[in-house]
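Student: Input entry32.pdb, format and content: PDB, C-alpha atoms and all ligand atoms.
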ATOM      1  CA  MET A  88      -9.311   9.915   1.724
ATOM      2  CA  SER A  89      -6.184   8.308   0.308
ATOM      3  CA  THR A  90      -2.473   8.039   0.945
ATOM      4  CA  ALA A  91       0.434   9.198  -1.224
ATOM      5  CA  ALA A  92       3.835   7.530  -1.046
ATOM      6  CA  ILE A  93       7.178   9.196  -1.669
ATOM      7  CA  ILE A  94       9.971   6.718  -2.336
ATOM      8  CA  PRO A  95      13.500   8.162  -2.267
ATOM      9  CA  ALA A  96      15.402   5.761  -4.543
ATOM     10  CA  ALA A  97      18.118   8.019  -5.923
ATOM     11  CA  GLY A  98      21.008   6.789  -3.771
ATOM     12  CA  LEU A  99      23.978   5.075  -5.377
ATOM     13  CA  GLY A 100      24.331   2.483  -2.621
ATOM     14  CA  LEU A 101      28.103   2.680  -2.328
ATOM     15  CA  ARG A 102      28.124   0.483   0.811
ATOM     16  CA  LEU A 103      26.352  -2.242  -1.164
ATOM     17  CA  GLY A 104      28.839  -2.183  -4.050
ATOM     18  CA  GLY A 105      27.930  -3.438  -7.536
ATOM     19  CA  GLU A 106      27.420  -1.457 -10.725
ATOM     20  CA  ALA A 107      23.715  -0.525 -10.601
ATOM     21  CA  PRO A 108      22.260   2.021  -8.141
ATOM     22  CA  LYS A 109      20.914   0.239  -5.056
ATOM     23  CA  ALA A 110      17.197   0.527  -5.901
ATOM     24  CA  PHE A 111      17.822  -1.290  -9.202
ATOM     25  CA  ARG A 112      19.592  -4.258  -7.627
ATOM     26  CA  GLU A 113      17.560  -7.433  -7.960
ATOM     27  CA  VAL A 114      16.314  -9.907  -5.394
ATOM     28  CA  GLY A 115      14.361 -12.934  -6.645
ATOM     29  CA  GLY A 116      14.543 -11.547 -10.188
ATOM     30  CA  GLU A 117      12.957  -8.151  -9.416
ATOM     31  CA  SER A 118      14.434  -4.802  -8.387
ATOM     32  CA  LEU A 119      14.303  -3.565  -4.802
ATOM     33  CA  LEU A 120      12.173  -0.700  -6.101
ATOM     34  CA  VAL A 121       9.569  -3.065  -7.568
ATOM     35  CA  HIS A 122       9.450  -4.960  -4.256
ATOM     36  CA  ALA A 123       8.994  -1.677  -2.377
ATOM     37  CA  VAL A 124       6.114  -0.502  -4.590
ATOM     38  CA  ARG A 125       4.396  -3.873  -4.460
ATOM     39  CA  GLY A 126       4.751  -3.934  -0.662
ATOM     40  CA  LEU A 127       3.117  -0.532  -0.272
ATOM     41  CA  LYS A 128       0.278  -1.495  -2.615
ATOM     42  CA  ALA A 129      -0.341  -4.636  -0.522
ATOM     43  CA  ALA A 130      -1.304  -2.471   2.467
ATOM     44  CA  THR A 131      -4.897  -2.175   1.329
ATOM     45  CA  ALA A 132      -6.077  -0.136   4.344
ATOM     46  CA  ALA A 133      -3.606   2.591   3.363
ATOM     47  CA  ASP A 134      -5.397   3.022   0.011
ATOM     48  CA  LEU A 135      -2.343   4.200  -1.942
ATOM     49  CA  ALA A 136      -3.527   6.644  -4.628
ATOM     50  CA  CYS A 137      -0.234   8.145  -5.750
ATOM     51  CA  PHE A 138       3.443   7.195  -5.885
ATOM     52  CA  VAL A 139       6.175   9.771  -6.340
ATOM     53  CA  ILE A 140       9.579   8.161  -6.851
ATOM     54  CA  ALA A 141      12.922  10.019  -6.754
ATOM     55  CA  VAL A 142      15.467   8.207  -8.940
ATOM     56  CA  PRO A 143      19.020   8.775 -10.205
ATOM     57  CA  PRO A 144      18.900  11.541 -12.857
ATOM     58  CA  GLY A 145      18.526  10.101 -16.360
ATOM     59  CA  THR A 146      16.636   6.960 -15.261
ATOM     60  CA  GLU A 147      13.162   8.533 -15.005
ATOM     61  CA  ASP A 148      11.682   6.992 -18.191
ATOM     62  CA  LEU A 149      13.132   3.576 -17.516
ATOM     63  CA  VAL A 150      11.709   3.520 -13.982
ATOM     64  CA  SER A 151       8.279   4.777 -15.110
ATOM     65  CA  LYS A 152       7.979   1.904 -17.574
ATOM     66  CA  GLU A 153       9.213  -0.667 -15.065
ATOM     67  CA  LEU A 154       6.884   0.387 -12.242
ATOM     68  CA  MET A 155       3.679   1.134 -14.138
ATOM     69  CA  PRO A 156       2.356  -2.476 -14.008
ATOM     70  CA  TYR A 157       2.731  -2.562 -10.199
ATOM     71  CA  CYS A 158       0.869   0.660  -9.424
ATOM     72  CA  GLU A 159      -2.555  -0.896 -10.086
ATOM     73  CA  GLY A 160      -4.512   2.253 -10.766
ATOM     74  CA  ALA A 161      -2.485   4.536  -8.495
ATOM     75  CA  ARG A 162      -0.897   7.573 -10.117
ATOM     76  CA  LEU A 163       2.848   7.257 -10.787
ATOM     77  CA  LEU A 164       5.190  10.255 -10.922
ATOM     78  CA  VAL A 165       8.944   9.848 -11.280
ATOM     79  CA  VAL A 166      11.388  12.673 -10.594
ATOM     80  CA  ALA A 167      15.174  13.039 -10.666
ATOM     81  CA  GLY A 168      16.506  12.928  -7.083
ATOM     82  CA  GLY A 169      18.956  15.318  -5.436
ATOM     83  CA  SER A 170      22.416  14.998  -3.929
ATOM     84  CA  GLU A 171      21.202  14.106  -0.403
ATOM     85  CA  ARG A 172      18.240  11.971   0.654
ATOM     86  CA  THR A 173      16.452  15.039   2.048
ATOM     87  CA  ASP A 174      16.801  16.790  -1.340
ATOM     88  CA  SER A 175      15.294  13.771  -3.096
ATOM     89  CA  VAL A 176      12.315  13.711  -0.712
ATOM     90  CA  ARG A 177      11.776  17.463  -1.106
ATOM     91  CA  LEU A 178      11.817  17.244  -4.914
ATOM     92  CA  ALA A 179       9.278  14.406  -4.780
ATOM     93  CA  LEU A 180       7.113  16.207  -2.232
ATOM     94  CA  ASP A 181       6.719  19.124  -4.651
ATOM     95  CA  LEU A 182       4.779  16.741  -6.943
ATOM     96  CA  VAL A 183       2.436  15.212  -4.348
ATOM     97  CA  PRO A 184      -1.152  16.338  -5.042
ATOM     98  CA  TYR A 185      -2.980  18.341  -2.356
ATOM     99  CA  ASP A 186      -6.514  17.083  -2.989
ATOM    100  CA  GLY A 187      -7.864  13.903  -1.389
ATOM    101  CA  ILE A 188      -4.626  12.947   0.410
ATOM    102  CA  ASP A 189      -4.818  12.693   4.227
ATOM    103  CA  CYS A 190      -1.469  10.958   4.801
ATOM    104  CA  ILE A 191       1.903  11.065   3.044
ATOM    105  CA  LEU A 192       4.234   8.116   3.533
ATOM    106  CA  VAL A 193       7.971   8.453   2.978
ATOM    107  CA  HIS A 194       9.489   5.039   2.395
ATOM    108  CA  ASP A 195      13.086   4.080   1.560
ATOM    109  CA  ALA A 196      13.293   1.884  -1.546
ATOM    110  CA  ALA A 197      15.965  -0.033   0.358
ATOM    111  CA  ARG A 198      13.388  -1.211   2.975
ATOM    112  CA  SER A 199      11.768  -3.262   0.255
ATOM    113  CA  PHE A 200      10.220  -6.012   2.376
ATOM    114  CA  VAL A 201       8.274  -4.095   5.024
ATOM    115  CA  PRO A 202       5.138  -6.119   5.884
ATOM    116  CA  PRO A 203       1.710  -4.559   5.112
ATOM    117  CA  GLU A 204       0.690  -4.554   8.784
ATOM    118  CA  VAL A 205       3.504  -2.107   9.609
ATOM    119  CA  ILE A 206       2.343   0.238   6.838
ATOM    120  CA  ASP A 207      -1.245  -0.042   8.084
ATOM    121  CA  ARG A 208      -0.161   0.773  11.666
ATOM    122  CA  VAL A 209       1.638   3.930  10.481
ATOM    123  CA  VAL A 210      -1.319   5.132   8.389
ATOM    124  CA  ALA A 211      -3.809   4.299  11.174
ATOM    125  CA  ALA A 212      -1.806   6.388  13.672
ATOM    126  CA  VAL A 213      -1.810   9.412  11.333
ATOM    127  CA  ARG A 214      -5.533   8.985  10.623
ATOM    128  CA  ALA A 215      -6.134   8.804  14.382
ATOM    129  CA  GLY A 216      -4.563  12.259  14.744
ATOM    130  CA  ALA A 217      -0.786  11.808  15.066
ATOM    131  CA  PRO A 218       0.953  14.498  12.967
ATOM    132  CA  VAL A 219       3.864  12.072  12.423
ATOM    133  CA  ALA A 220       4.121   8.303  12.980
ATOM    134  CA  VAL A 221       7.231   6.134  12.635
ATOM    135  CA  PRO A 222       7.766   2.354  12.957
ATOM    136  CA  VAL A 223      10.409   1.379  15.504
ATOM    137  CA  LEU A 224      12.127  -1.624  17.031
ATOM    138  CA  PRO A 225      13.951  -1.898  20.356
ATOM    139  CA  VAL A 226      17.737  -1.857  19.956
ATOM    140  CA  THR A 227      19.621  -5.015  20.895
ATOM    141  CA  ASP A 228      23.135  -3.531  20.959
ATOM    142  CA  THR A 229      24.367  -1.227  23.687
ATOM    143  CA  ILE A 230      24.724   2.178  21.980
ATOM    144  CA  LYS A 231      27.501   4.593  22.973
ATOM    145  CA  ARG A 232      28.143   8.208  22.008
ATOM    146  CA  VAL A 233      31.755   8.846  21.004
ATOM    147  CA  ASP A 234      33.848  11.948  20.356
ATOM    148  CA  GLU A 235      35.939  12.649  17.229
ATOM    149  CA  ALA A 236      38.902  10.781  18.710
ATOM    150  CA  GLY A 237      36.778   7.663  19.176
ATOM    151  CA  ARG A 238      36.564   7.987  22.968
ATOM    152  CA  VAL A 239      33.291   7.074  24.632
ATOM    153  CA  VAL A 240      31.383  10.122  25.883
ATOM    154  CA  ASP A 241      28.445   8.301  27.455
ATOM    155  CA  THR A 242      26.101   5.330  27.228
ATOM    156  CA  PRO A 243      22.399   6.186  26.982
ATOM    157  CA  ASP A 244      19.995   3.856  28.806
ATOM    158  CA  ARG A 245      19.125   1.232  26.169
ATOM    159  CA  ARG A 246      15.505   1.076  27.374
ATOM    160  CA  THR A 247      15.048   4.640  26.085
ATOM    161  CA  LEU A 248      16.429   3.884  22.594
ATOM    162  CA  VAL A 249      14.688   2.539  19.483
ATOM    163  CA  ALA A 250      15.777   1.929  15.890
ATOM    164  CA  VAL A 251      13.607   3.790  13.388
ATOM    165  CA  GLN A 252      12.369   2.337  10.096
ATOM    166  CA  THR A 253      10.178   3.450   7.207
ATOM    167  CA  PRO A 254       7.534   4.090   5.979
ATOM    168  CA  GLN A 255       7.187   7.200   8.094
ATOM    169  CA  GLY A 256       3.716   8.737   7.926
ATOM    170  CA  PHE A 257       2.859  12.439   7.967
ATOM    171  CA  GLU A 258      -0.119  14.709   8.060
ATOM    172  CA  PRO A 259       0.564  16.423   4.677
ATOM    173  CA  SER A 260       0.829  20.038   5.902
ATOM    174  CA  VAL A 261       3.316  19.018   8.620
ATOM    175  CA  LEU A 262       5.631  17.331   6.097
ATOM    176  CA  ARG A 263       5.434  20.345   3.775
ATOM    177  CA  ARG A 264       6.275  22.713   6.651
ATOM    178  CA  ALA A 265       9.169  20.467   7.718
ATOM    179  CA  HIS A 266      10.670  20.438   4.227
ATOM    180  CA  ALA A 267      10.271  24.191   3.786
ATOM    181  CA  GLY A 268      13.077  24.706   6.325
ATOM    182  CA  ASP A 269      16.765  23.833   6.359
ATOM    183  CA  GLY A 270      17.254  20.067   5.965
ATOM    184  CA  THR A 271      20.972  20.011   6.716
ATOM    185  CA  GLY A 272      22.076  16.928   8.632
ATOM    186  CA  ALA A 273      18.651  15.261   8.668
ATOM    187  CA  THR A 274      18.827  11.489   8.227
ATOM    188  CA  ASP A 275      15.069  10.998   8.213
ATOM    189  CA  ASP A 276      11.966  13.114   7.712
ATOM    190  CA  ALA A 277      10.631  12.727  11.250
ATOM    191  CA  MET A 278      13.778  14.544  12.414
ATOM    192  CA  LEU A 279      12.779  17.613  10.383
ATOM    193  CA  CYS A 280       9.400  17.585  12.142
ATOM    194  CA  GLU A 281      11.051  17.209  15.557
ATOM    195  CA  ARG A 282      12.997  20.391  14.757
ATOM    196  CA  LEU A 283       9.620  22.145  14.411
ATOM    197  CA  GLY A 284       8.581  20.864  17.843
ATOM    198  CA  VAL A 285       6.017  18.456  16.365
ATOM    199  CA  THR A 286       5.305  15.281  18.373
ATOM    200  CA  VAL A 287       6.356  12.069  16.616
ATOM    201  CA  GLN A 288       4.339   8.946  17.511
ATOM    202  CA  THR A 289       6.013   5.540  17.401
ATOM    203  CA  VAL A 290       4.311   2.311  16.290
ATOM    204  CA  GLU A 291       5.643  -1.251  16.229
ATOM    205  CA  GLY A 292       8.009  -1.952  13.317
ATOM    206  CA  SER A 293       9.266  -5.291  11.995
ATOM    207  CA  GLU A 294      12.588  -7.065  11.550
ATOM    208  CA  ASP A 295      11.507  -7.689   7.933
ATOM    209  CA  ALA A 296      11.682  -3.914   7.335
ATOM    210  CA  PHE A 297      15.495  -3.977   7.511
ATOM    211  CA  LYS A 298      17.346  -1.647   5.149
ATOM    212  CA  VAL A 299      19.350  -3.307   2.393
ATOM    213  CA  THR A 300      22.690  -1.598   2.962
ATOM    214  CA  ARG A 301      25.549  -4.086   2.745
ATOM    215  CA  PRO A 302      26.138  -7.169   0.541
ATOM    216  CA  ARG A 303      25.028  -9.577   3.277
ATOM    217  CA  ASP A 304      21.617  -7.814   3.375
ATOM    218  CA  LEU A 305      20.997  -9.056  -0.184
ATOM    219  CA  LEU A 306      21.444 -12.634   1.046
ATOM    220  CA  LEU A 307      18.986 -11.994   3.877
ATOM    221  CA  ALA A 308      16.538 -10.477   1.372
ATOM    222  CA  GLU A 309      16.810 -13.524  -0.929
ATOM    223  CA  TRP A 310      16.126 -15.825   2.026
ATOM    224  CA  LEU A 311      13.140 -13.761   3.212
ATOM    225  CA  LEU A 312      11.606 -13.744  -0.250
ATOM    226  CA  THR A 313      12.040 -17.511  -0.611
ATOM    227  CA  GLU A 314      10.310 -18.048   2.757
ATOM    228  CA  ARG A 315       7.437 -15.742   1.774
ATOM    229  CA  ARG A 316       6.968 -17.475  -1.572
ATOM    230  CA  LYS A 317       6.813 -20.851   0.246
ATOM    231  CA  ALA A 318       4.185 -19.599   2.709
TER     232      ALA A 318
HETATM  233  O1  LIG B   1      21.927   5.766   1.869
HETATM  234  P1  LIG B   1      20.716   5.295   2.584
HETATM  235  O2  LIG B   1      20.577   3.788   2.547
HETATM  236  O3  LIG B   1      20.504   5.858   3.941
HETATM  237  O4  LIG B   1      19.489   5.840   1.707
HETATM  238  C1  LIG B   1      18.152   5.669   2.122
HETATM  239  C2  LIG B   1      17.234   5.854   0.922
HETATM  240  O5  LIG B   1      17.391   7.183   0.406
HETATM  241  C3  LIG B   1      17.561   4.885  -0.224
HETATM  242  O6  LIG B   1      16.349   4.322  -0.709
HETATM  243  C4  LIG B   1      18.251   5.781  -1.249
HETATM  244  O7  LIG B   1      18.037   5.372  -2.595
HETATM  245  C5  LIG B   1      17.614   7.143  -0.991
HETATM  246  N1  LIG B   1      18.450   8.297  -1.404
HETATM  247  C6  LIG B   1      17.949   9.234  -2.327
HETATM  248  N2  LIG B   1      18.726  10.294  -2.735
HETATM  249  C7  LIG B   1      19.982  10.437  -2.264
HETATM  250  C8  LIG B   1      20.501   9.505  -1.330
HETATM  251  C9  LIG B   1      19.712   8.447  -0.901
HETATM  252  O8  LIG B   1      16.804   9.096  -2.778
HETATM  253  N3  LIG B   1      20.705  11.460  -2.718
END
Once you've parsed the file, please lay out its structure as structure tokens.

Tutor:
Amino acid sequence: MSTAAIIPAAGLGLRLGGEAPKAFREVGGESLLVHAVRGLKAATAADLACFVIAVPPGTEDLVSKELMPYCEGARLLVVAGGSERTDSVRLALDLVPYDGIDCILVHDAARSFVPPEVIDRVVAAVRAGAPVAVPVLPVTDTIKRVDEAGRVVDTPDRRTLVAVQTPQGFEPSVLRRAHAGDGTGATDDAMLCERLGVTVQTVEGSEDAFKVTRPRDLLLAEWLLTERRKA
């Protein structure tokens, strides 16, 4: 059995600034999207058989040509994304084949440098029977809930909080059921499954799986890539 990967890459990346959509911004001479695809392919235990990428409308052909050399035998499908991340994932999910796929990964293009061992942990958890598995890290900040006026409502116990990364892994029928419902307000795909009452398993994430969001993240990404190329 093999894995399929959905990569939502249709965001404009307004917080990052710059003229190109975020997934097309380059680090070390290659786009974040290329780094993301190569990273997923490097997780050999996952056995990636199919990539479905959601991109800004009008860039489908360009992205297909750019990514083809990195898919190494895996099928590549590129689709125009939607207005919200959840819409982009749903549009991509419609193209994921049913046959021979025992795990679907959903991975943000912006988490371009996730190490292969994190991907393998997620896939292994799904193959061991978890309907949903997500990589997480403990939070280092104290997190507070605030009201609309900016007043603190309460402070959850930090030991019960984790920061969630991608790729998130799903038993295929669970992800399809989750996306068949209303996706309003969902900031990740595990959240849609939680709404169905499905148990979400956590596995250990990595600091290297940070999301490129703001300009300083590009500097961190350049540094990380330089260190990896030295190693
Ligand atoms: O905006 P944020 O960084 O949370 O986006 C996470 C991922 O979702 C990014 O890879 C982005 O390209 C993608 N996205 C998308 N379609 C949208 C918005 C975001 O594919 N409409």

Student: With only C-alpha atoms counted and 12 Å as the cut-off, give the residues of region 182-276 of chain A in contact with region 168-171 of chain A, each with its shortest interatomic distance in Å and the pair that gives it, as CSV.

Tutor:
residue,atom,partner,partner_atom,distance
A:Gly270,CA,A:Glu171,CA,9.6
A:Thr271,CA,A:Glu171,CA,9.3
A:Gly272,CA,A:Glu171,CA,9.5
A:Ala273,CA,A:Glu171,CA,9.5
A:Thr274,CA,A:Glu171,CA,9.3
A:Asp275,CA,A:Glu171,CA,11.0

Student: Set up a box along x, y and z of the file covering all listed atoms of ligand LIG 1 (chain B), add 5 Å on every one of the six sides, and write the centre and edge lengths in Å to one decimal, as JSON.

Tutor:
{"center_x": 19.1, "center_y": 7.6, "center_z": 0.6, "size_x": 15.6, "size_y": 17.7, "size_z": 16.7}

Student: Report as a PyMOL selection string the full result of the PyMOL selection byres (((not hetatm)) within 6 of (chain B and resi 1)) when it is applied to this structure.

Tutor: chain A and resi 95-98+110+141+168-172+175+195-197+300

Student: Just how far from CA of Gly256 (chain A) is CA of Ala308 (chain A), in Å to one decimal?

Tutor: 24.0 Å

Student: Could you pull the residues within 9 Å of region 113-121 of chain A, counting only C-alpha atoms, minus those fewer than 4 positions along the same chain, as a list in words?

Tutor: Ile94, Ala96, Lys109, Arg125, Gly126, Val150, Glu153, Leu154, Tyr157, Ala196, Ala197, Arg198, Ser199, Phe200, Val299, Leu305, Leu306, Ala308, Glu309, Leu312 and Thr313 of chain A

Student: Keeping C-alpha atoms, export the residues of the selection given above as a short mmCIF file (atom, residue, chain, number, x, y, z; two decimals), in the coordinates of the input.

Tutor:
data_model
loop_
_atom_site.label_atom_id
_atom_site.label_comp_id
_atom_site.auth_asym_id
_atom_site.auth_seq_id
_atom_site.Cartn_x
_atom_site.Cartn_y
_atom_site.Cartn_z
CA ILE A 94 9.97 6.72 -2.34
CA ALA A 96 15.40 5.76 -4.54
CA LYS A 109 20.91 0.24 -5.06
CA ARG A 125 4.40 -3.87 -4.46
CA GLY A 126 4.75 -3.93 -0.66
CA VAL A 150 11.71 3.52 -13.98
CA GLU A 153 9.21 -0.67 -15.06
CA LEU A 154 6.88 0.39 -12.24
CA TYR A 157 2.73 -2.56 -10.20
CA ALA A 196 13.29 1.88 -1.55
CA ALA A 197 15.96 -0.03 0.36
CA ARG A 198 13.39 -1.21 2.98
CA SER A 199 11.77 -3.26 0.26
CA PHE A 200 10.22 -6.01 2.38
CA VAL A 299 19.35 -3.31 2.39
CA LEU A 305 21.00 -9.06 -0.18
CA LEU A 306 21.44 -12.63 1.05
CA ALA A 308 16.54 -10.48 1.37
CA GLU A 309 16.81 -13.52 -0.93
CA LEU A 312 11.61 -13.74 -0.25
CA THR A 313 12.04 -17.51 -0.61
#

Student: When the PyMOL selection byres (((chain A and resi 269) around 12) and not hetatm) is applied to the file above, which residues end up in the set, as a list in words?

Tutor: Thr173, Asp174, Arg177, Arg264, Ala265, His266, Ala267, Gly268, Gly270, Thr271, Gly272, Ala273, Asp276, Met278, Leu279, Cys280, Arg282 and Leu283 of chain A

Student: Of the residues A:Val285, A:Asp295, A:Pro203, A:Val166, which is the one nearest to Ala217 (chain A), using all atoms listed in the file?

Tutor: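 The answer is A:Val285, which sits nearest to Ala217 (chain A).
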
Student: For the PyMOL selection byres (((chain A and resi 251) around 6) and not hetatm), applied here, can you spell out every residue it catches as a PyMOL selection string?

Tutor: chain A and resi 223+250+252

Student: Closest to Lys298 (chain A) among A:Val201, A:Cys137, A:Leu163, A:Val239, using all atoms listed in the file?

Tutor: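 Ranking A:Val201, A:Cys137, A:Leu163, A:Val239 by distance to Lys298 (chain A), first place goes to A:Val201.
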
Student: Find the residue from A:Thr229, A:Leu182, A:Ala296, A:Phe257 that sits nearest to Asp241 (chain A); use all atoms listed in the file when measuring.

Tutor: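 Nearest candidate to Asp241 (chain A) out of A:Thr229, A:Leu182, A:Ala296, A:Phe257: A:Thr229.
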
Student: Can you pull out the residues contacting Val213 (chain A)? Cut-off 9 Å, using all atoms listed in the file, and skip same-chain residues under 5 positions away; I want them as a list in words.

Tutor: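 Surrounding residues, per the criterion: Asp189, Cys190, Arg208, Pro218, Val219, Ala220, Gly256, Phe257, Glu258 and Gln288 of chain A.
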
Student: Deliver the residues from the most recent selection as a file, using C-alpha atoms, as a PDB file, in the coordinates of the input.

Tutor:
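Saved as again.pdb:
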ATOM      1  CA  ASP A 189      -4.818  12.693   4.227  1.00  0.00           C
ATOM      2  CA  CYS A 190      -1.469  10.958   4.801  1.00  0.00           C
ATOM      3  CA  ARG A 208      -0.161   0.773  11.666  1.00  0.00           C
ATOM      4  CA  PRO A 218       0.953  14.498  12.967  1.00  0.00           C
ATOM      5  CA  VAL A 219       3.864  12.072  12.423  1.00  0.00           C
ATOM      6  CA  ALA A 220       4.121   8.303  12.980  1.00  0.00           C
ATOM      7  CA  GLY A 256       3.716   8.737   7.926  1.00  0.00           C
ATOM      8  CA  PHE A 257       2.859  12.439   7.967  1.00  0.00           C
ATOM      9  CA  GLU A 258      -0.119  14.709   8.060  1.00  0.00           C
ATOM     10  CA  GLN A 288       4.339   8.946  17.511  1.00  0.00           C
TER      11      GLN A 288
END
